[in-house]
>>> print(open('start28.txt').read())   # compact mmCIF, C-alpha atoms
# COMPACT_ATOMS: atom_id res chain seq x y z
CA MET A 1108 -101.93 44.48 -68.13
CA ASN A 1109 -100.39 42.79 -65.10
CA LEU A 1110 -101.14 44.18 -61.64
CA GLN A 1111 -99.79 41.19 -59.73
CA GLY A 1112 -96.07 41.18 -60.42
CA GLU A 1113 -93.81 40.41 -57.51
CA ASP A 1114 -92.67 44.03 -57.17
CA PHE A 1115 -94.06 45.73 -60.27
CA ILE A 1116 -97.07 46.43 -62.45
CA GLU A 1117 -96.95 46.14 -66.22
CA PHE A 1118 -98.78 48.09 -68.95
CA ALA A 1119 -98.27 47.24 -72.63
CA GLY A 1120 -94.94 45.61 -71.86
CA ILE A 1121 -93.74 48.52 -69.69
CA LYS A 1122 -92.84 47.56 -66.12
CA ILE A 1123 -93.16 50.07 -63.28
CA THR A 1124 -91.68 48.95 -59.98
CA ASP A 1125 -93.64 49.60 -56.79
CA ASN A 1126 -91.17 52.14 -55.47
CA LYS A 1127 -91.38 54.12 -58.73
CA LEU A 1128 -95.17 53.90 -58.60
CA ALA A 1129 -95.01 55.30 -55.07
CA ARG A 1130 -92.76 58.14 -56.24
CA ILE A 1131 -95.07 59.05 -59.12
CA GLY A 1132 -97.98 58.88 -56.65
CA TRP A 1133 -96.73 61.87 -54.66
CA LEU A 1134 -94.76 63.69 -57.36
CA LEU A 1135 -97.59 63.91 -59.92
CA PRO A 1136 -100.13 65.69 -57.63
CA THR A 1137 -97.37 67.98 -56.37
CA LEU A 1138 -96.46 69.08 -59.90
CA THR A 1139 -100.14 69.37 -60.82
CA VAL A 1140 -100.80 71.84 -58.00
CA LEU A 1141 -97.60 73.81 -58.58
CA PHE A 1142 -98.17 74.19 -62.34
CA SER A 1143 -101.91 74.91 -62.22
CA MET A 1144 -101.61 77.46 -59.41
CA SER A 1145 -98.58 79.16 -61.00
CA ILE A 1146 -100.29 79.45 -64.39
CA HIS A 1147 -103.42 80.75 -62.66
CA VAL A 1148 -101.41 83.58 -61.10
CA ILE A 1149 -99.20 84.34 -64.11
CA SER A 1150 -102.23 84.53 -66.40
CA GLY A 1151 -103.86 87.05 -64.06
CA HIS A 1152 -106.92 84.86 -63.48
CA ASN A 1153 -106.45 84.67 -59.71
CA ARG A 1154 -109.23 86.31 -57.73
CA ALA A 1155 -106.98 87.15 -54.78
CA ILE A 1156 -103.89 85.90 -52.94
CA PRO A 1157 -104.03 83.52 -51.18
CA PHE A 1158 -106.63 81.41 -52.96
CA PHE A 1159 -107.81 77.83 -52.69
CA ILE A 1160 -106.06 75.19 -54.78
CA SER A 1161 -109.31 74.39 -56.59
CA GLU A 1162 -109.64 77.99 -57.75
CA SER A 1163 -106.86 77.20 -60.23
CA ASP A 1164 -109.31 74.87 -62.01
CA TYR A 1165 -110.24 77.96 -64.00
CA PRO A 1166 -111.07 78.16 -67.74
CA GLY A 1167 -107.73 78.39 -69.50
CA LEU A 1168 -104.41 76.58 -69.63
CA GLU A 1169 -104.44 75.99 -65.86
CA ARG A 1170 -107.62 73.92 -66.13
CA TRP A 1171 -105.89 71.51 -68.50
CA PHE A 1172 -103.07 70.96 -66.00
CA PHE A 1173 -105.51 70.67 -63.10
CA THR A 1174 -107.92 68.25 -64.79
CA ILE A 1175 -105.41 66.00 -66.55
CA GLY A 1176 -103.07 66.01 -63.55
CA PHE A 1177 -105.69 65.04 -60.97
CA LEU A 1178 -107.44 62.62 -63.32
CA SER A 1179 -104.14 60.80 -63.81
CA THR A 1180 -103.37 61.01 -60.09
CA GLY A 1181 -106.75 59.54 -59.13
CA ILE A 1182 -106.34 56.57 -61.47
CA LEU A 1183 -102.75 56.06 -60.38
CA GLN A 1184 -103.66 56.15 -56.68
CA MET A 1185 -106.24 53.41 -57.14
CA PHE A 1186 -103.54 51.23 -58.68
CA PHE A 1187 -101.13 52.26 -55.93
CA ALA A 1188 -103.63 51.40 -53.19
CA TYR A 1189 -104.08 47.96 -54.74
CA ARG A 1190 -100.33 47.40 -55.07
CA MET A 1191 -99.77 48.44 -51.48
CA TRP A 1192 -102.34 45.89 -50.36
CA TYR A 1193 -101.11 43.18 -52.72
CA SER A 1194 -97.38 43.64 -52.02
CA MET A 1195 -97.61 44.02 -48.25
CA ARG A 1196 -100.53 41.70 -47.48
CA GLY A 1197 -98.26 38.99 -46.08
CA ASN A 1198 -96.46 41.34 -43.67
CA GLY A 1199 -99.22 43.56 -42.33
CA ARG A 1200 -102.36 43.46 -40.24
CA ARG A 1201 -105.01 42.13 -42.60
CA LYS A 1202 -108.05 44.05 -41.34
CA MET A 1203 -106.18 47.34 -41.36
CA MET A 1204 -104.82 46.61 -44.82
CA HIS A 1205 -108.32 45.94 -46.17
CA LEU A 1206 -109.50 49.24 -44.70
CA ALA A 1207 -106.50 51.02 -46.21
CA LEU A 1208 -107.26 49.44 -49.61
CA GLY A 1209 -110.88 50.57 -49.49
CA CYS A 1210 -109.97 54.12 -48.45
CA GLY A 1211 -107.25 54.36 -51.09
CA ILE A 1212 -109.52 53.26 -53.94
CA PHE A 1213 -112.33 55.53 -52.72
CA THR A 1214 -109.91 58.47 -52.48
CA GLY A 1215 -108.65 57.90 -56.01
CA ALA A 1216 -112.19 57.53 -57.41
CA ASN A 1217 -113.30 60.80 -55.81
CA LEU A 1218 -110.20 62.51 -57.16
CA VAL A 1219 -111.15 61.39 -60.68
CA VAL A 1220 -114.64 62.90 -60.31
CA MET A 1221 -113.25 66.06 -58.68
CA SER A 1222 -110.86 66.59 -61.59
CA PHE A 1223 -113.88 67.23 -63.84
CA ALA A 1224 -116.26 68.79 -61.30
CA ASN A 1225 -114.76 72.27 -61.06
CA MET A 1226 -115.89 74.56 -58.26
CA TYR A 1227 -117.25 77.21 -60.62
CA ASP A 1228 -119.81 75.05 -62.44
CA TYR A 1229 -120.35 72.06 -60.14
CA LEU A 1230 -119.80 73.46 -56.67
CA SER A 1231 -121.83 70.90 -54.68
CA ILE A 1232 -120.17 67.92 -56.38
CA HIS A 1233 -116.77 69.54 -56.04
CA ILE A 1234 -117.17 70.16 -52.30
CA LEU A 1235 -118.38 66.60 -51.74
CA THR A 1236 -115.60 64.92 -53.70
CA ALA A 1237 -112.86 67.23 -52.39
CA SER A 1238 -114.00 66.55 -48.81
CA ASN A 1239 -113.92 62.81 -49.52
CA VAL A 1240 -110.40 63.10 -50.94
CA PHE A 1241 -109.16 64.94 -47.86
CA ASN A 1242 -111.00 62.82 -45.28
CA PHE A 1243 -110.45 59.39 -46.80
CA GLY A 1244 -106.93 60.34 -47.85
CA MET A 1245 -106.08 60.89 -44.20
CA LEU A 1246 -107.80 57.62 -43.23
CA TRP A 1247 -105.90 55.80 -45.97
CA ALA A 1248 -102.59 57.04 -44.61
CA LEU A 1249 -103.60 56.22 -41.03
CA PHE A 1250 -104.86 52.69 -41.73
CA ALA A 1251 -101.84 51.92 -43.91
CA HIS A 1252 -99.57 53.25 -41.15
CA LEU A 1253 -101.24 51.03 -38.55
CA SER A 1254 -101.16 48.00 -40.83
CA PHE A 1255 -97.34 47.92 -41.19
CA PRO A 1256 -95.86 46.79 -37.84
CA GLU A 1257 -92.35 46.53 -39.33
CA ALA A 1258 -92.37 49.61 -41.53
CA ASN A 1259 -89.24 51.56 -42.37
CA SER A 1260 -88.43 53.79 -39.37
CA SER A 1261 -87.74 56.89 -41.49
CA GLY A 1262 -90.94 56.33 -43.43
CA ARG A 1263 -92.93 55.99 -40.20
CA LYS A 1264 -91.59 59.31 -38.90
CA VAL A 1265 -92.41 61.12 -42.15
CA ARG A 1266 -95.86 59.51 -42.16
CA ILE A 1267 -96.64 60.54 -38.59
CA TRP A 1268 -95.64 64.12 -39.35
CA GLY A 1269 -97.70 64.08 -42.54
CA ILE A 1270 -100.83 62.76 -40.83
CA ALA A 1271 -100.44 65.24 -37.96
CA ILE A 1272 -99.96 68.22 -40.31
CA ALA A 1273 -102.93 67.12 -42.42
CA PHE A 1274 -105.24 66.70 -39.41
CA VAL A 1275 -104.37 70.05 -37.81
CA SER A 1276 -104.61 71.85 -41.16
CA PHE A 1277 -107.95 70.25 -42.00
CA THR A 1278 -109.38 71.31 -38.63
CA ILE A 1279 -108.23 74.92 -39.09
CA MET A 1280 -109.50 75.07 -42.68
CA SER A 1281 -112.90 73.60 -41.84
CA GLN A 1282 -113.51 75.83 -38.84
CA SER A 1283 -112.45 78.95 -40.72
CA ILE A 1284 -114.89 78.30 -43.56
CA VAL A 1285 -117.78 77.09 -41.39
CA ARG A 1286 -117.66 80.22 -39.27
CA ALA A 1287 -117.39 82.48 -42.30
CA VAL A 1288 -120.30 81.04 -44.29
CA LYS A 1289 -122.80 80.32 -41.50
CA ASP A 1290 -125.14 82.83 -43.19
CA LEU A 1291 -124.96 81.31 -46.68
CA ASP A 1292 -128.01 83.10 -48.04
CA LYS A 1293 -126.38 86.42 -47.38
CA TYR A 1294 -123.49 85.55 -49.68
CA GLY A 1295 -125.34 83.54 -52.31
CA LEU A 1296 -122.91 80.64 -52.22
CA THR A 1297 -124.76 78.51 -54.74
CA GLY A 1298 -125.35 81.41 -57.09
CA ASP A 1299 -121.98 83.10 -57.43
CA THR A 1300 -118.90 81.32 -56.14
CA ILE A 1301 -116.48 84.16 -56.86
CA PHE A 1302 -118.70 86.72 -55.15
CA THR A 1303 -118.94 84.48 -52.10
CA LEU A 1304 -115.20 83.92 -51.92
CA ASN A 1305 -114.54 87.63 -52.24
CA SER A 1306 -117.02 88.24 -49.41
CA ILE A 1307 -115.22 85.86 -47.06
CA GLN A 1308 -111.64 86.59 -48.13
CA ASP A 1309 -110.65 87.27 -44.51
CA ALA A 1310 -111.49 83.65 -43.75
CA VAL A 1311 -109.86 82.45 -46.98
CA ASN A 1312 -106.63 84.14 -45.86
CA VAL A 1313 -106.50 81.56 -43.09
CA ALA A 1314 -108.27 78.62 -44.73
CA ALA A 1315 -106.22 78.70 -47.95
CA PHE A 1316 -102.92 78.39 -46.10
CA ALA A 1317 -104.47 75.63 -43.99
CA GLU A 1318 -105.45 73.86 -47.21
CA TYR A 1319 -101.85 74.13 -48.42
CA GLY A 1320 -100.79 72.53 -45.13
CA LEU A 1321 -103.37 69.78 -45.59
CA PHE A 1322 -102.12 69.08 -49.09
CA LEU A 1323 -98.52 69.03 -47.87
CA GLY A 1324 -99.43 66.59 -45.09
CA LEU A 1325 -101.08 64.20 -47.52
CA ILE A 1326 -98.13 64.44 -49.92
CA LEU A 1327 -95.74 63.64 -47.06
CA ALA A 1328 -97.87 60.62 -46.16
CA LEU A 1329 -97.74 59.38 -49.76
CA TYR A 1330 -94.00 60.07 -49.93
CA SER A 1331 -93.42 58.03 -46.76
CA PHE A 1332 -94.55 54.80 -48.44
CA GLU A 1333 -91.68 55.06 -50.89
CA PHE A 1334 -89.34 54.14 -48.01
CA ASP A 1335 -91.24 50.90 -47.39
CA PHE A 1336 -91.29 49.90 -51.06
CA ASN A 1337 -87.56 50.67 -51.35
CA ASP A 1338 -86.91 48.30 -48.44
CA LYS A 1339 -89.07 45.60 -50.01
CA LEU A 1340 -87.30 45.95 -53.36
CA LYS A 1341 -83.87 45.64 -51.71
CA LYS A 1342 -84.93 42.46 -49.91
CA SER A 1343 -86.15 40.87 -53.15
CA GLU A 1344 -82.88 41.57 -55.01
>>> encode(input="start28.txt", output="structure tokens")
Amino acid sequence: MNLQGEDFIEFAGIKITDNKLARIGWLLPTLTVLFSMSIHVISGHNRAIPFFISESDYPGLERWFFTIGFLSTGILQMFFAYRMWYSMRGNGRRKMMHLALGCGIFTGANLVVMSFANMYDYLSIHILTASNVFNFGMLWALFAHLSFPEANSSGRKVRIWGIAIAFVSFTIMSQSIVRAVKDLDKYGLTGDTIFTLNSIQDAVNVAAFAEYGLFLGLILALYSFEFDFNDKLKKSE
């Protein structure tokens, strides 16, 4: 294994360039969500529409897509965070890059745990790790954005939009849920997740779409770094 190539990483003799790693980094979670949620609906397992992304981590075929997809994404994002730091460390603001590295690795690690801690059986762990993924994912994008003073202009625009969409969506989602479950004992949140979600579906109608917006914002932020790695690859050729 070689994680310190000039513009690539290498596993078992297979080289993956940084720009391809960046592309897989946003494409894999996108496909994971699309497949797991689609299968969840087609199989008739969905509780209601709309529903939270994590509800598709339901016993059945969709759970395999959800778990394997996010497990792979979490591992990949830790490598990607390292490669971003390693490849750009000579051109960026060092302190910001170190913060971005830490947030990226922490985000990926939480995603790995979340991929196994489904919301039906391990609700507390799931909420904690999912919150860490969202919060530190946004911080990762922000610190990385601030650390690249000469970033690709198109990538910067996409990144700004992604961070803005993610922040607004996260605020709406959080407030919707907090207001809906302020009397947790009444709904028995820790005892029956499905019953609770059914009880607050009016809030989920808002919060679920906000979560989709949050996910989209984070995907856009990840996508934006592909522009910077494409520029770097062109300069090295």
>>> residues_around(input="start28.txt", residues="segment 1109-1112 of chain A", least_positions_apart="4", cutoff="10 Å", atoms="all atoms listed in the file", output="compact mmCIF listing (two decimals) with C-alpha atoms, in the frame of the given file")
# COMPACT_ATOMS: atom_id res chain seq x y z
CA ILE A 1116 -97.07 46.43 -62.45
CA GLU A 1117 -96.95 46.14 -66.22
CA PHE A 1118 -98.78 48.09 -68.95
CA ALA A 1119 -98.27 47.24 -72.63
CA GLY A 1120 -94.94 45.61 -71.86
CA ILE A 1121 -93.74 48.52 -69.69
CA LYS A 1122 -92.84 47.56 -66.12
CA ILE A 1123 -93.16 50.07 -63.28
CA THR A 1124 -91.68 48.95 -59.98
CA ASP A 1125 -93.64 49.60 -56.79
CA PHE A 1186 -103.54 51.23 -58.68
CA PHE A 1187 -101.13 52.26 -55.93
CA TYR A 1189 -104.08 47.96 -54.74
CA ARG A 1190 -100.33 47.40 -55.07
CA TYR A 1193 -101.11 43.18 -52.72
CA SER A 1194 -97.38 43.64 -52.02
>>> residues_around(input="start28.txt", residues="Ile1182 of chain A", least_positions_apart="5", cutoff="9 Å", atoms="all atoms listed in the file", output="list of chain:residue names")
A:Phe1177, A:Phe1187, A:Ile1212, A:Gly1215, A:Ala1216, A:Leu1218, A:Val1219
>>> atom_distance(input="start28.txt", atom1="atom CA of Ala1248 of chain A", atom2="atom CA of Leu1321 of chain A")
12.8 Å
>>> residues_near_point(input="start28.txt", point="(-105.2, 44.9, -46.5)", cutoff="9 Å", atoms="all atoms listed in the file", output="VMD selection string")
chain A and resid 1189 1191 to 1193 1195 to 1196 1199 to 1209 1251 1254
>>> closest_residue(input="start28.txt", among="A:Ile1301, A:Val1140, A:Ala1310, A:Leu1128", to="Asn1153 of chain A", atoms="all atoms listed in the file")
A:Ile1301
>>> closest_residue(input="start28.txt", among="A:Leu1304, A:Leu1235, A:Val1148, A:Ala1273", to="Tyr1319 of chain A", atoms="only C-alpha atoms")
A:Ala1273
>>> atom_distance(input="start28.txt", atom1="atom CA of Phe1332 of chain A", atom2="atom CA of Phe1241 of chain A")
17.8 Å
>>> closest_atom_pairs(input="start28.txt", of="segment 1154-1223 of chain A", to="segment 1313-1317 of chain A", cutoff="7 Å", atoms="all atoms listed in the file", output="tab-separated table")
residue	atom	partner	partner_atom	distance
A:Pro1157	CA	A:Ala1315	CA	6.2
A:Phe1158	CA	A:Ala1315	CA	5.7
A:Phe1159	CA	A:Ala1315	CA	5.1
>>> atom_distance(input="start28.txt", atom1="atom CA of Ile1149 of chain A", atom2="atom CA of Pro1166 of chain A")
13.9 Å
>>> residues_around(input="start28.txt", residues="Leu1135 of chain A", least_positions_apart="3", cutoff="12 Å", atoms="all atoms listed in the file", output="PyMOL selection string")
chain A and resi 1127-1132+1138-1142+1172-1173+1175-1184+1326+1329-1330
>>> residues_around(input="start28.txt", residues="Ala1224 of chain A", least_positions_apart="4", cutoff="10 Å", atoms="all atoms listed in the file", output="ChimeraX atom specification")
/A:1164,1174,1218-1220,1228-1234,1236-1237
>>> write_last_selection(input="start28.txt", atoms="C-alpha atoms", output="compact mmCIF listing (two decimals), keeping the file's coordinate frame")
# COMPACT_ATOMS: atom_id res chain seq x y z
CA ASP A 1164 -109.31 74.87 -62.01
CA THR A 1174 -107.92 68.25 -64.79
CA LEU A 1218 -110.20 62.51 -57.16
CA VAL A 1219 -111.15 61.39 -60.68
CA VAL A 1220 -114.64 62.90 -60.31
CA ASP A 1228 -119.81 75.05 -62.44
CA TYR A 1229 -120.35 72.06 -60.14
CA LEU A 1230 -119.80 73.46 -56.67
CA SER A 1231 -121.83 70.90 -54.68
CA ILE A 1232 -120.17 67.92 -56.38
CA HIS A 1233 -116.77 69.54 -56.04
CA ILE A 1234 -117.17 70.16 -52.30
CA THR A 1236 -115.60 64.92 -53.70
CA ALA A 1237 -112.86 67.23 -52.39
>>> build_atoms(input="start28.txt", residues="segment 1168-1186 of chain A", atoms="N, CA, C and O atoms", output="PDB file, in the coordinates of the input")
ATOM      1  N   LEU A1168    -105.465  77.585 -69.636  1.00  0.00           N
ATOM      2  CA  LEU A1168    -104.410  76.580 -69.630  1.00  0.00           C
ATOM      3  C   LEU A1168    -104.320  75.873 -68.287  1.00  0.00           C
ATOM      4  O   LEU A1168    -104.057  74.661 -68.230  1.00  0.00           O
ATOM      5  N   GLU A1169    -104.549  76.609 -67.184  1.00  0.00           N
ATOM      6  CA  GLU A1169    -104.440  75.990 -65.860  1.00  0.00           C
ATOM      7  C   GLU A1169    -105.437  74.866 -65.654  1.00  0.00           C
ATOM      8  O   GLU A1169    -105.164  73.899 -64.940  1.00  0.00           O
ATOM      9  N   ARG A1170    -106.621  74.981 -66.283  1.00  0.00           N
ATOM     10  CA  ARG A1170    -107.620  73.920 -66.130  1.00  0.00           C
ATOM     11  C   ARG A1170    -107.143  72.616 -66.759  1.00  0.00           C
ATOM     12  O   ARG A1170    -107.415  71.530 -66.241  1.00  0.00           O
ATOM     13  N   TRP A1171    -106.415  72.705 -67.872  1.00  0.00           N
ATOM     14  CA  TRP A1171    -105.890  71.510 -68.500  1.00  0.00           C
ATOM     15  C   TRP A1171    -104.907  70.790 -67.574  1.00  0.00           C
ATOM     16  O   TRP A1171    -104.956  69.566 -67.425  1.00  0.00           O
ATOM     17  N   PHE A1172    -104.018  71.559 -66.944  1.00  0.00           N
ATOM     18  CA  PHE A1172    -103.070  70.960 -66.000  1.00  0.00           C
ATOM     19  C   PHE A1172    -103.802  70.370 -64.809  1.00  0.00           C
ATOM     20  O   PHE A1172    -103.486  69.252 -64.356  1.00  0.00           O
ATOM     21  N   PHE A1173    -104.770  71.112 -64.278  1.00  0.00           N
ATOM     22  CA  PHE A1173    -105.510  70.670 -63.100  1.00  0.00           C
ATOM     23  C   PHE A1173    -106.288  69.382 -63.398  1.00  0.00           C
ATOM     24  O   PHE A1173    -106.177  68.390 -62.663  1.00  0.00           O
ATOM     25  N   THR A1174    -107.056  69.393 -64.481  1.00  0.00           N
ATOM     26  CA  THR A1174    -107.920  68.250 -64.790  1.00  0.00           C
ATOM     27  C   THR A1174    -107.119  67.008 -65.177  1.00  0.00           C
ATOM     28  O   THR A1174    -107.336  65.925 -64.630  1.00  0.00           O
ATOM     29  N   ILE A1175    -106.197  67.153 -66.107  1.00  0.00           N
ATOM     30  CA  ILE A1175    -105.410  66.000 -66.550  1.00  0.00           C
ATOM     31  C   ILE A1175    -104.535  65.479 -65.413  1.00  0.00           C
ATOM     32  O   ILE A1175    -104.405  64.268 -65.210  1.00  0.00           O
ATOM     33  N   GLY A1176    -103.944  66.405 -64.648  1.00  0.00           N
ATOM     34  CA  GLY A1176    -103.070  66.010 -63.550  1.00  0.00           C
ATOM     35  C   GLY A1176    -103.792  65.230 -62.481  1.00  0.00           C
ATOM     36  O   GLY A1176    -103.341  64.157 -62.049  1.00  0.00           O
ATOM     37  N   PHE A1177    -104.957  65.729 -62.040  1.00  0.00           N
ATOM     38  CA  PHE A1177    -105.690  65.040 -60.970  1.00  0.00           C
ATOM     39  C   PHE A1177    -106.438  63.822 -61.476  1.00  0.00           C
ATOM     40  O   PHE A1177    -106.639  62.867 -60.719  1.00  0.00           O
ATOM     41  N   LEU A1178    -106.853  63.827 -62.727  1.00  0.00           N
ATOM     42  CA  LEU A1178    -107.440  62.620 -63.320  1.00  0.00           C
ATOM     43  C   LEU A1178    -106.415  61.493 -63.312  1.00  0.00           C
ATOM     44  O   LEU A1178    -106.701  60.368 -62.870  1.00  0.00           O
ATOM     45  N   SER A1179    -105.212  61.802 -63.779  1.00  0.00           N
ATOM     46  CA  SER A1179    -104.140  60.800 -63.810  1.00  0.00           C
ATOM     47  C   SER A1179    -103.760  60.364 -62.397  1.00  0.00           C
ATOM     48  O   SER A1179    -103.530  59.180 -62.137  1.00  0.00           O
ATOM     49  N   THR A1180    -103.717  61.330 -61.470  1.00  0.00           N
ATOM     50  CA  THR A1180    -103.370  61.010 -60.090  1.00  0.00           C
ATOM     51  C   THR A1180    -104.403  60.087 -59.467  1.00  0.00           C
ATOM     52  O   THR A1180    -104.059  59.118 -58.766  1.00  0.00           O
ATOM     53  N   GLY A1181    -105.699  60.368 -59.706  1.00  0.00           N
ATOM     54  CA  GLY A1181    -106.750  59.540 -59.130  1.00  0.00           C
ATOM     55  C   GLY A1181    -106.661  58.100 -59.606  1.00  0.00           C
ATOM     56  O   GLY A1181    -106.759  57.152 -58.812  1.00  0.00           O
ATOM     57  N   ILE A1182    -106.468  57.916 -60.909  1.00  0.00           N
ATOM     58  CA  ILE A1182    -106.340  56.570 -61.470  1.00  0.00           C
ATOM     59  C   ILE A1182    -105.108  55.879 -60.911  1.00  0.00           C
ATOM     60  O   ILE A1182    -105.146  54.715 -60.499  1.00  0.00           O
ATOM     61  N   LEU A1183    -104.003  56.609 -60.880  1.00  0.00           N
ATOM     62  CA  LEU A1183    -102.750  56.060 -60.380  1.00  0.00           C
ATOM     63  C   LEU A1183    -102.867  55.655 -58.904  1.00  0.00           C
ATOM     64  O   LEU A1183    -102.359  54.608 -58.503  1.00  0.00           O
ATOM     65  N   GLN A1184    -103.554  56.462 -58.110  1.00  0.00           N
ATOM     66  CA  GLN A1184    -103.660  56.150 -56.680  1.00  0.00           C
ATOM     67  C   GLN A1184    -104.510  54.919 -56.425  1.00  0.00           C
ATOM     68  O   GLN A1184    -104.284  54.205 -55.446  1.00  0.00           O
ATOM     69  N   MET A1185    -105.477  54.652 -57.288  1.00  0.00           N
ATOM     70  CA  MET A1185    -106.240  53.410 -57.140  1.00  0.00           C
ATOM     71  C   MET A1185    -105.350  52.200 -57.390  1.00  0.00           C
ATOM     72  O   MET A1185    -105.413  51.199 -56.675  1.00  0.00           O
ATOM     73  N   PHE A1186    -104.505  52.298 -58.423  1.00  0.00           N
ATOM     74  CA  PHE A1186    -103.540  51.230 -58.680  1.00  0.00           C
ATOM     75  C   PHE A1186    -102.548  51.103 -57.520  1.00  0.00           C
ATOM     76  O   PHE A1186    -102.194  49.999 -57.094  1.00  0.00           O
TER      77      PHE A1186
END
